[in-house]
>>> print(open('protein_1.txt').read())   # compact mmCIF, C-alpha atoms
# COMPACT_ATOMS: atom_id res chain seq x y z
CA ILE A 1 -146.76 -108.17 -54.86
CA THR A 2 -150.55 -108.12 -54.88
CA GLY A 3 -150.85 -111.66 -53.56
CA LEU A 4 -152.45 -113.21 -56.65
CA ARG A 5 -149.57 -115.70 -56.90
CA LYS A 6 -147.50 -117.35 -54.18
CA VAL A 7 -143.92 -116.16 -53.82
CA ARG A 8 -141.41 -118.84 -54.78
CA GLY A 9 -138.28 -116.98 -53.70
CA GLY A 10 -137.05 -113.71 -52.26
CA THR A 11 -138.93 -111.21 -50.13
CA ILE A 12 -141.34 -108.32 -50.67
CA THR A 13 -141.11 -105.31 -48.39
CA VAL A 14 -143.34 -102.25 -48.39
CA GLN A 15 -142.10 -99.31 -46.33
CA GLY A 16 -139.96 -101.64 -44.27
CA GLN A 17 -142.74 -104.20 -43.69
CA ASP A 18 -142.19 -107.75 -44.90
CA VAL A 19 -145.39 -108.70 -46.74
CA THR A 20 -144.02 -111.77 -48.54
CA ASN A 21 -146.41 -114.23 -46.88
CA ARG A 22 -149.14 -111.82 -45.80
CA THR A 23 -152.77 -112.34 -46.78
CA ILE A 24 -154.28 -110.02 -49.36
CA ARG A 25 -156.20 -108.18 -46.63
CA GLU A 26 -152.97 -107.67 -44.72
CA ARG A 27 -151.28 -106.38 -47.87
CA ILE A 28 -154.10 -103.91 -48.39
CA HIS A 29 -153.73 -102.65 -44.82
CA SER A 30 -149.96 -102.36 -45.27
CA GLY A 31 -150.57 -99.74 -47.97
CA ILE A 32 -150.85 -101.60 -51.28
CA GLY A 33 -153.47 -100.62 -53.85
CA HIS A 34 -154.21 -102.66 -56.98
CA ILE A 35 -155.87 -101.71 -60.25
CA PRO A 36 -156.18 -105.13 -61.91
CA GLU A 37 -155.78 -105.88 -65.60
CA ASP A 38 -159.33 -107.21 -66.03
CA ARG A 39 -161.80 -104.79 -64.44
CA GLN A 40 -164.77 -107.13 -64.79
CA LYS A 41 -163.19 -110.38 -63.62
CA ARG A 42 -160.85 -109.12 -60.91
CA GLY A 43 -161.74 -105.50 -60.22
CA LEU A 44 -165.48 -105.47 -59.66
CA ILE A 45 -168.43 -107.67 -58.74
CA LEU A 46 -170.76 -106.73 -61.57
CA ASP A 47 -174.00 -107.72 -59.88
CA TYR A 48 -173.22 -105.65 -56.78
CA THR A 49 -174.13 -101.99 -56.55
CA LEU A 50 -171.47 -99.33 -56.89
CA GLU A 51 -171.58 -98.58 -53.17
CA GLU A 52 -170.94 -102.24 -52.39
CA ASN A 53 -168.00 -102.31 -54.81
CA MET A 54 -166.50 -99.16 -53.31
CA ILE A 55 -166.03 -100.85 -49.91
CA LEU A 56 -164.89 -104.32 -51.02
CA GLU A 57 -161.53 -103.84 -49.29
CA ILE A 58 -162.69 -101.89 -46.25
CA TYR A 59 -166.17 -103.23 -45.48
CA ASN A 60 -165.02 -104.62 -42.13
CA ASP A 61 -163.43 -101.34 -41.02
CA ALA A 62 -165.09 -98.57 -39.01
CA PRO A 63 -167.30 -96.70 -39.71
CA TYR A 64 -168.61 -99.00 -42.45
CA SER A 65 -169.38 -101.87 -40.11
CA ARG A 66 -169.42 -102.66 -36.41
CA ARG A 67 -169.56 -106.14 -34.94
CA GLY A 68 -170.59 -107.54 -38.30
CA ILE A 69 -173.41 -105.06 -38.91
CA MET A 70 -173.06 -102.79 -41.96
CA ASN A 71 -173.54 -99.05 -41.57
CA LYS A 72 -175.47 -98.28 -44.76
CA ALA A 73 -175.47 -94.52 -44.27
CA ALA A 74 -171.69 -94.34 -43.88
CA ILE A 75 -171.17 -96.65 -46.86
CA ARG A 76 -173.47 -94.61 -49.10
CA LYS A 77 -171.86 -91.31 -48.11
CA TYR A 78 -168.36 -92.64 -48.73
CA ALA A 79 -169.31 -94.19 -52.08
CA ALA A 80 -171.07 -91.01 -53.24
CA ASN A 81 -167.98 -88.94 -52.45
CA VAL A 82 -165.70 -91.31 -54.38
CA LEU A 83 -168.02 -91.44 -57.40
CA THR A 84 -168.32 -87.65 -57.49
CA SER A 85 -164.59 -87.05 -57.04
CA TYR A 86 -163.70 -89.42 -59.87
CA ASP A 87 -166.50 -88.41 -62.24
CA VAL A 88 -168.13 -91.86 -62.31
CA ARG A 89 -171.39 -91.45 -64.21
CA SER A 90 -174.30 -93.75 -63.50
CA GLY A 91 -178.05 -93.61 -63.51
CA LYS A 92 -178.71 -94.18 -59.81
CA GLY A 93 -175.41 -93.08 -58.29
CA PRO A 94 -174.17 -95.41 -55.52
CA LEU A 95 -177.24 -97.61 -55.97
CA SER A 96 -176.51 -98.34 -59.64
CA LEU A 97 -175.70 -101.91 -60.56
CA THR A 98 -172.07 -101.96 -61.59
CA ARG A 99 -172.90 -104.06 -64.64
CA SER A 100 -174.92 -101.16 -66.07
CA LEU A 101 -171.93 -98.80 -66.35
CA SER A 102 -169.78 -98.26 -69.42
CA GLY A 103 -166.25 -99.69 -69.40
CA GLY A 104 -164.77 -96.25 -68.83
CA ASN A 105 -166.96 -95.55 -65.82
CA GLN A 106 -166.27 -99.00 -64.38
CA GLN A 107 -162.56 -98.30 -64.66
CA LYS A 108 -162.88 -94.85 -63.07
CA ALA A 109 -164.78 -96.47 -60.19
CA ILE A 110 -161.86 -98.85 -59.59
CA ILE A 111 -159.34 -96.01 -59.85
CA GLY A 112 -161.36 -94.00 -57.33
CA ARG A 113 -161.72 -96.90 -54.91
CA GLU A 114 -157.98 -97.62 -54.94
CA ILE A 115 -156.61 -94.07 -54.87
CA GLU A 116 -159.10 -92.85 -52.26
CA ARG A 117 -157.42 -95.15 -49.74
CA ASN A 118 -154.18 -93.25 -50.45
CA PRO A 119 -151.96 -96.35 -50.79
CA SER A 120 -148.22 -95.92 -50.43
CA LEU A 121 -147.81 -98.31 -53.39
CA LEU A 122 -150.36 -98.32 -56.20
CA ILE A 123 -150.00 -101.11 -58.75
CA ALA A 124 -151.80 -100.24 -61.99
CA VAL A 125 -151.97 -103.07 -64.54
CA GLN A 126 -153.17 -102.09 -68.01
CA PRO A 127 -155.26 -99.29 -66.42
CA THR A 128 -156.50 -97.83 -69.73
CA ARG A 129 -157.08 -100.98 -71.78
CA GLY A 130 -160.05 -100.67 -74.13
CA LEU A 131 -160.95 -97.12 -73.09
CA ASP A 132 -161.62 -93.99 -75.15
CA VAL A 133 -159.16 -91.12 -75.41
CA GLY A 134 -160.94 -88.98 -72.82
CA SER A 135 -160.97 -91.76 -70.21
CA ILE A 136 -157.31 -92.56 -70.92
CA GLU A 137 -156.24 -88.96 -70.35
CA TYR A 138 -158.30 -88.74 -67.16
CA ILE A 139 -156.77 -91.92 -65.70
CA HIS A 140 -153.24 -90.84 -66.59
CA LYS A 141 -153.88 -87.53 -64.84
CA ARG A 142 -155.05 -89.29 -61.68
CA LEU A 143 -152.05 -91.63 -61.62
CA ILE A 144 -149.67 -88.68 -61.97
CA GLU A 145 -151.47 -86.78 -59.21
CA HIS A 146 -151.01 -89.76 -56.91
CA ARG A 147 -147.32 -89.86 -57.80
CA ASP A 148 -147.03 -86.14 -57.10
CA LYS A 149 -148.23 -86.76 -53.53
CA GLY A 150 -145.04 -88.74 -52.93
CA ARG A 151 -146.66 -92.12 -53.44
CA ALA A 152 -145.19 -94.92 -55.54
CA VAL A 153 -147.04 -95.98 -58.69
CA LEU A 154 -146.00 -99.18 -60.45
CA LEU A 155 -147.51 -99.00 -63.94
CA ILE A 156 -147.54 -102.27 -65.87
CA SER A 157 -148.59 -101.86 -69.49
CA LEU A 158 -148.15 -103.34 -72.95
CA GLU A 159 -148.72 -99.90 -74.49
CA LEU A 160 -145.30 -98.41 -75.19
CA ASP A 161 -146.71 -94.91 -75.76
CA GLU A 162 -148.38 -95.05 -72.36
CA ILE A 163 -145.17 -96.17 -70.69
CA MET A 164 -143.11 -93.42 -72.34
CA ASN A 165 -145.63 -90.65 -71.61
CA VAL A 166 -146.49 -91.45 -67.99
CA SER A 167 -143.43 -93.09 -66.41
CA ASP A 168 -140.46 -91.54 -64.61
CA ARG A 169 -138.44 -94.73 -65.04
CA VAL A 170 -138.99 -97.73 -67.29
CA ALA A 171 -137.98 -101.27 -66.33
CA VAL A 172 -138.13 -103.93 -69.04
CA LEU A 173 -138.61 -107.62 -68.22
CA TYR A 174 -137.97 -110.50 -70.62
CA ASN A 175 -138.68 -114.09 -69.59
CA GLY A 176 -138.60 -113.01 -65.95
CA GLU A 177 -135.22 -111.31 -66.24
CA LEU A 178 -134.64 -107.58 -65.81
CA MET A 179 -133.15 -106.25 -69.06
CA GLY A 180 -132.57 -102.74 -67.79
CA ILE A 181 -134.00 -99.57 -66.25
CA VAL A 182 -134.02 -96.35 -68.28
CA LYS A 183 -135.52 -92.86 -68.10
CA PRO A 184 -137.97 -92.13 -70.94
CA GLU A 185 -136.29 -88.81 -71.79
CA GLU A 186 -132.92 -90.57 -72.12
CA SER A 187 -134.17 -93.50 -74.17
CA ASN A 188 -136.38 -94.20 -77.18
CA GLU A 189 -138.79 -96.80 -78.48
CA ASN A 190 -136.07 -98.60 -80.44
CA GLU A 191 -133.91 -99.20 -77.35
CA ILE A 192 -136.88 -100.31 -75.26
CA GLY A 193 -138.10 -102.51 -78.11
CA LEU A 194 -134.71 -104.27 -78.21
CA MET A 195 -134.84 -104.88 -74.47
CA MET A 196 -138.37 -106.25 -74.84
CA ALA A 197 -136.90 -108.75 -77.33
CA GLY A 198 -134.22 -109.86 -74.87
CA TRP A 199 -131.33 -107.49 -75.63
CA LYS A 200 -129.38 -106.13 -72.69
CA GLU A 201 -126.94 -103.21 -72.67
CA GLY A 202 -123.47 -104.60 -73.33
CA ASP A 203 -124.70 -107.39 -75.58
CA ASP A 204 -123.25 -107.60 -79.09
CA GLN A 205 -125.25 -105.63 -81.64
>>> encode(input="protein_1.txt", output="structure tokens")
Amino acid sequence: ITGLRKVRGGTITVQGQDVTNRTIRERIHSGIGHIPEDRQKRGLILDYTLEENMILEIYNDAPYSRRGIMNKAAIRKYAANVLTSYDVRSGKGPLSLTRSLSGGNQQKAIIGREIERNPSLLIAVQPTRGLDVGSIEYIHKRLIEHRDKGRAVLLISLELDEIMNVSDRVAVLYNGELMGIVKPEESNENEIGLMMAGWKEGDDQ
């Protein structure tokens, strides 16, 4: 869906738009946001400043650039607003090198960058991996707020507690096959664990 791998079959549509063979930039403009699994390898450019990282997906859009010339004032204002809104703490604000931030603040910067664009589909892959309890709660709150705005959030996680606590519906995949879709309040960890091991409803116990 995010464009990291080529589609080998089927189609992907977002709000009626076929994005199956679209470029990543086109997918972004169609309303897809992506919080990647590895914040340092895929989410951020560590040797860029925070303000540069905040516009990675929109640097060629107005008012951040015009005819190839960057509008530094607009970029800094936008980045400062995102960092403040998402409680990203750094020594020099937008001018801080991203490498200098803690893991939690790096992750909050990515969350802010993606949600601030108000995507119709937000894909969050392992969004709280390696973070402290406070950062985990904050990120869960932000994901739920985005959901409450009527936006779709696809949460992909290996943490069963996270899945059960945050999700409205849980889909379990095993070897590329859909084992089932359940509601957390109507299921339990044992049932989901069985599906994770390849059991499907209707199979012999």
>>> residues_around(input="protein_1.txt", residues="Tyr48 (chain A)", least_positions_apart="3", cutoff="8 Å", atoms="all atoms listed in the file", output="ChimeraX atom specification")
/A:45,52-53,97-98
>>> axis_aligned_box(input="protein_1.txt", around="region 92-106 of chain A", padding_each_side="6 Å", output="lines of an AutoDock Vina configuration file")
center_x = -171.7
center_y = -98.6
center_z = -62.5
size_x = 25.9
size_y = 23.0
size_z = 25.9
>>> closest_atom_pairs(input="protein_1.txt", of="region 102-193 of chain A", to="region 56-71 of chain A", cutoff="10 Å", atoms="only C-alpha atoms", output="JSON lines")
{"residue": "A:Arg113", "atom": "CA", "partner": "A:Glu57", "partner_atom": "CA", "distance": 8.9}
{"residue": "A:Glu114", "atom": "CA", "partner": "A:Glu57", "partner_atom": "CA", "distance": 9.1}
{"residue": "A:Arg117", "atom": "CA", "partner": "A:Ile58", "partner_atom": "CA", "distance": 9.2}
>>> closest_atom_pairs(input="protein_1.txt", of="region 98-147 of chain A", to="region 29-40 of chain A", cutoff="7 Å", atoms="only C-alpha atoms", output="CSV")
residue,atom,partner,partner_atom,distance
A:Gln107,CA,A:Arg39,CA,6.5
A:Ile110,CA,A:Ile35,CA,6.7
A:Ile111,CA,A:Ile35,CA,6.7
A:Glu114,CA,A:Gly33,CA,5.5
A:Pro119,CA,A:Gly31,CA,4.6
A:Ser120,CA,A:Gly31,CA,5.1
A:Leu121,CA,A:Ile32,CA,5.0
A:Leu122,CA,A:Gly33,CA,4.5
A:Ile123,CA,A:His34,CA,4.8
A:Ala124,CA,A:Ile35,CA,4.7
A:Val125,CA,A:Glu37,CA,4.9
A:Gln126,CA,A:Glu37,CA,5.2
A:Pro127,CA,A:Ile35,CA,6.7
>>> atom_distance(input="protein_1.txt", atom1="CA of Thr49 (chain A)", atom2="CA of Ser96 (chain A)")
5.3 Å
>>> atom_distance(input="protein_1.txt", atom1="CA of Gly198 (chain A)", atom2="CA of Tyr174 (chain A)")
5.7 Å
>>> atom_distance(input="protein_1.txt", atom1="CA of Lys77 (chain A)", atom2="CA of Ser102 (chain A)")
22.5 Å
>>> residues_around(input="protein_1.txt", residues="region 163-172 of chain A", least_positions_apart="5", cutoff="7 Å", atoms="only C-alpha atoms", output="ChimeraX atom specification")
/A:140,157,178-184,195-196
>>> closest_residue(input="protein_1.txt", among="A:Leu50, A:Ala80, A:Ile144, A:Ile156", to="Leu101 (chain A)", atoms="all atoms listed in the file")
A:Leu50
>>> residues_around(input="protein_1.txt", residues="Gly112 (chain A)", least_positions_apart="2", cutoff="10 Å", atoms="only C-alpha atoms", output="PyMOL selection string")
chain A and resi 35+54+79+81-88+106-110+114-118+139+142
>>> residues_near_point(input="protein_1.txt", point="(-164.3, -97.6, -72.5)", cutoff="10 Å", atoms="only C-alpha atoms", output="list in words")
Leu101, Ser102, Gly103, Gly104, Asn105, Gln106, Gln107, Lys108, Thr128, Arg129, Gly130, Leu131, Asp132, Val133, Gly134, Ser135 and Ile136 of chain A
>>> decode(input="protein_1.txt", residues="region 79-136 of chain A", atoms="C-alpha atoms", output="PDB file, in the first residue's frame")
ATOM      1  CA  ALA A  79       7.978  22.773  11.391  1.00  0.00           C
ATOM      2  CA  ALA A  80       7.789  24.770  14.628  1.00  0.00           C
ATOM      3  CA  ASN A  81       4.010  24.349  14.734  1.00  0.00           C
ATOM      4  CA  VAL A  82       4.250  20.581  14.202  1.00  0.00           C
ATOM      5  CA  LEU A  83       6.967  20.158  16.833  1.00  0.00           C
ATOM      6  CA  THR A  84       4.995  22.193  19.374  1.00  0.00           C
ATOM      7  CA  SER A  85       1.701  20.428  18.668  1.00  0.00           C
ATOM      8  CA  TYR A  86       3.262  16.995  19.083  1.00  0.00           C
ATOM      9  CA  ASP A  87       5.479  17.835  22.055  1.00  0.00           C
ATOM     10  CA  VAL A  88       8.747  17.085  20.249  1.00  0.00           C
ATOM     11  CA  ARG A  89      11.526  18.182  22.590  1.00  0.00           C
ATOM     12  CA  SER A  90      14.860  19.273  21.178  1.00  0.00           C
ATOM     13  CA  GLY A  91      17.607  21.687  22.041  1.00  0.00           C
ATOM     14  CA  LYS A  92      17.350  24.027  19.052  1.00  0.00           C
ATOM     15  CA  GLY A  93      13.769  23.424  17.956  1.00  0.00           C
ATOM     16  CA  PRO A  94      13.378  23.140  14.161  1.00  0.00           C
ATOM     17  CA  LEU A  95      17.120  23.684  13.717  1.00  0.00           C
ATOM     18  CA  SER A  96      18.086  20.663  15.838  1.00  0.00           C
ATOM     19  CA  LEU A  97      19.839  17.813  14.089  1.00  0.00           C
ATOM     20  CA  THR A  98      17.433  14.902  14.089  1.00  0.00           C
ATOM     21  CA  ARG A  99      20.196  12.549  15.195  1.00  0.00           C
ATOM     22  CA  SER A 100      20.441  14.410  18.510  1.00  0.00           C
ATOM     23  CA  LEU A 101      16.881  13.553  19.614  1.00  0.00           C
ATOM     24  CA  SER A 102      15.851  10.645  21.805  1.00  0.00           C
ATOM     25  CA  GLY A 103      14.025   7.738  20.169  1.00  0.00           C
ATOM     26  CA  GLY A 104      10.716   8.874  21.634  1.00  0.00           C
ATOM     27  CA  ASN A 105      11.065  12.397  20.279  1.00  0.00           C
ATOM     28  CA  GLN A 106      12.149  11.104  16.875  1.00  0.00           C
ATOM     29  CA  GLN A 107       9.020   8.963  16.779  1.00  0.00           C
ATOM     30  CA  LYS A 108       6.774  11.839  17.850  1.00  0.00           C
ATOM     31  CA  ALA A 109       8.298  13.941  15.061  1.00  0.00           C
ATOM     32  CA  ILE A 110       7.317  11.283  12.507  1.00  0.00           C
ATOM     33  CA  ILE A 111       3.833  10.980  13.999  1.00  0.00           C
ATOM     34  CA  GLY A 112       3.433  14.757  13.810  1.00  0.00           C
ATOM     35  CA  ARG A 113       4.686  14.975  10.239  1.00  0.00           C
ATOM     36  CA  GLU A 114       2.302  12.259   9.040  1.00  0.00           C
ATOM     37  CA  ILE A 115      -0.836  13.222  10.970  1.00  0.00           C
ATOM     38  CA  GLU A 116      -0.447  16.955  10.307  1.00  0.00           C
ATOM     39  CA  ARG A 117      -1.112  16.258   6.620  1.00  0.00           C
ATOM     40  CA  ASN A 118      -4.461  14.761   7.712  1.00  0.00           C
ATOM     41  CA  PRO A 119      -4.214  11.616   5.537  1.00  0.00           C
ATOM     42  CA  SER A 120      -7.396   9.712   4.782  1.00  0.00           C
ATOM     43  CA  LEU A 121      -5.425   6.484   5.384  1.00  0.00           C
ATOM     44  CA  LEU A 122      -2.663   6.393   7.987  1.00  0.00           C
ATOM     45  CA  ILE A 123      -0.544   3.239   8.040  1.00  0.00           C
ATOM     46  CA  ALA A 124       1.261   2.862  11.373  1.00  0.00           C
ATOM     47  CA  VAL A 125       3.798   0.024  11.501  1.00  0.00           C
ATOM     48  CA  GLN A 126       5.156  -0.807  14.955  1.00  0.00           C
ATOM     49  CA  PRO A 127       4.622   2.849  15.979  1.00  0.00           C
ATOM     50  CA  THR A 128       5.681   2.374  19.620  1.00  0.00           C
ATOM     51  CA  ARG A 129       8.575  -0.066  19.262  1.00  0.00           C
ATOM     52  CA  GLY A 130      11.324   0.543  21.806  1.00  0.00           C
ATOM     53  CA  LEU A 131       9.611   3.509  23.478  1.00  0.00           C
ATOM     54  CA  ASP A 132       8.894   4.260  27.138  1.00  0.00           C
ATOM     55  CA  VAL A 133       5.431   4.005  28.654  1.00  0.00           C
ATOM     56  CA  GLY A 134       4.751   7.742  28.455  1.00  0.00           C
ATOM     57  CA  SER A 135       5.627   7.928  24.746  1.00  0.00           C
ATOM     58  CA  ILE A 136       3.552   4.812  24.023  1.00  0.00           C
TER      59      ILE A 136
END
